[in-house]
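Coordinates from final-v4.tsv are shown below (TSV, C-alpha atoms).
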chain	number	residue	atom	x	y	z
A	700	MET	CA	-14.88	-147.77	-43.21
A	701	LEU	CA	-11.57	-145.91	-43.55
A	702	ASN	CA	-13.07	-143.74	-46.27
A	703	LEU	CA	-15.93	-142.75	-43.95
A	704	ILE	CA	-13.49	-141.84	-41.17
A	705	SER	CA	-11.45	-139.85	-43.69
A	706	ILE	CA	-14.56	-137.97	-44.84
A	707	ILE	CA	-15.51	-137.15	-41.24
A	708	ILE	CA	-12.01	-135.87	-40.53
A	709	GLY	CA	-12.17	-133.88	-43.77
A	710	PHE	CA	-15.45	-132.18	-42.89
A	711	VAL	CA	-14.30	-131.31	-39.37
A	712	THR	CA	-11.02	-129.85	-40.64
A	713	LEU	CA	-12.87	-128.01	-43.43
A	714	ILE	CA	-15.09	-126.29	-40.87
A	715	LEU	CA	-12.08	-125.44	-38.70
A	716	THR	CA	-10.22	-124.12	-41.76
A	717	ALA	CA	-13.16	-121.85	-42.54
A	718	VAL	CA	-12.97	-120.50	-38.99
A	719	ALA	CA	-9.22	-119.97	-39.43
A	720	PHE	CA	-9.96	-117.50	-42.26
A	721	ILE	CA	-11.06	-114.96	-39.64
A	722	PRO	CA	-8.31	-112.37	-39.16
A	723	PHE	CA	-5.84	-113.18	-36.35
A	724	LEU	CA	-6.86	-116.87	-36.39
A	725	GLY	CA	-4.64	-117.93	-39.30
A	726	TRP	CA	-2.25	-119.58	-36.84
A	727	ALA	CA	-4.91	-122.26	-36.32
A	728	ASN	CA	-4.02	-123.70	-39.72
A	729	TRP	CA	-0.77	-124.97	-38.18
A	730	LEU	CA	-2.94	-127.11	-35.88
A	731	ILE	CA	-5.49	-128.09	-38.51
A	732	LEU	CA	-3.15	-129.23	-41.29
A	733	PRO	CA	-1.72	-132.25	-39.40
A	734	PHE	CA	-5.25	-133.57	-38.84
A	735	ALA	CA	-5.99	-133.15	-42.54
A	736	LEU	CA	-2.79	-135.07	-43.30
A	737	VAL	CA	-4.00	-137.93	-41.10
A	738	GLY	CA	-7.32	-137.87	-42.96
A	739	LEU	CA	-5.43	-137.90	-46.26
A	740	ALA	CA	-3.42	-140.92	-45.17
A	741	LEU	CA	-6.59	-142.78	-44.17
A	742	GLY	CA	-8.19	-141.79	-47.47
A	743	MET	CA	-5.23	-143.14	-49.41
A	744	ILE	CA	-5.42	-146.47	-47.60
A	745	SER	CA	-9.14	-146.88	-48.28
A	746	ARG	CA	-10.70	-148.01	-51.53
A	747	GLY	CA	-12.79	-144.88	-52.05
A	748	THR	CA	-11.47	-141.53	-53.22
A	749	ALA	CA	-13.91	-139.05	-51.67
A	750	GLY	CA	-12.10	-138.77	-48.34
A	751	ARG	CA	-8.73	-138.44	-50.00
A	752	ASN	CA	-9.94	-135.69	-52.31
A	753	LEU	CA	-11.69	-133.78	-49.52
A	754	ASN	CA	-8.64	-133.80	-47.28
A	755	LEU	CA	-6.40	-132.85	-50.18
A	756	ALA	CA	-8.62	-129.83	-50.85
A	757	VAL	CA	-8.49	-128.85	-47.16
A	758	ILE	CA	-4.69	-129.10	-47.18
A	759	VAL	CA	-4.44	-126.93	-50.28
A	760	ILE	CA	-6.81	-124.31	-48.84
A	761	GLY	CA	-5.01	-124.27	-45.48
A	762	ALA	CA	-1.56	-124.05	-47.06
A	763	LEU	CA	-2.73	-121.26	-49.36
A	764	ARG	CA	-4.06	-119.34	-46.35
A	765	LEU	CA	-0.74	-119.81	-44.57
A	766	MET	CA	1.15	-118.55	-47.62
A	767	LEU	CA	-1.06	-115.47	-47.88
A	768	GLY	CA	-0.60	-114.73	-44.19
A	769	GLY	CA	3.17	-115.21	-44.30
A	770	GLY	CA	3.19	-118.45	-42.31
A	771	ILE	CA	4.87	-120.42	-45.10
A	772	VAL	CA	7.47	-118.45	-46.99

Using structure tokens, write down the structure that the file contains.
Amino acid sequence: MLNLISIIIGFVTLILTAVAFIPFLGWANWLILPFALVGLALGMISRGTAGRNLNLAVIVIGALRLMLGGGIV
């Protein structure tokens, strides 16, 4: 059950991260990354690995976007 919740959180944050790639919306990654971290925590607690891996990928993509935009130096 926790893995399913983690996957749902991962898909929602993945869609929001894709929207945050639009110019001038990169600041939204600061709001999206904490939700992906919650999904990662739920994925780590669960037995499955799909939710954990999905949220980890979203975190990496969001952090990379922040680095490219100068949000994380």

*Test item: residues at most 12 Å from region 760-771 of chain A, only C-alpha atoms, excluding those fewer than 3 positions along its chain, as a ChimeraX atom specification*: /A:712-736,753-757

Each side padded by 8 Å, which centre and which edge lengths in Å (one decimal) define the axis-aligned box around the listed atoms of region 747-752 of chain A? Give them as lines of an AutoDock Vina configuration file.
center_x = -11.3
center_y = -140.3
center_z = -50.8
size_x = 21.2
size_y = 25.2
size_z = 20.9

*Near-Met743 (chain A) list (9 Å; only C-alpha atoms; drop same-chain fewer than 6 positions) as a list in words*: Asn702, Gly750 and Arg751 of chain A

_To one decimal place in Å, what is the distance between CA of Ile744 (chain A) and CA of Leu701 (chain A)?_
7.4 Å

_Set the distance at 6 Å and use all atoms listed in the file: which residues neighbour Ser705 (chain A) once local chain neighbours fewer than 6 positions away are removed? I'd like the list as a VMD selection string._
chain A and resid 738 741 to 742 750

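Atom to atom, CA of Arg746 (chain A) and CA of Val711 (chain A) stand 21.0 Å apart.
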
*Restricting the calculation to all atoms listed in the file, which member of A:Gly747, A:Ile706, A:Met700, A:Leu739 is positioned closest to Val759 (chain A)?*
A:Leu739
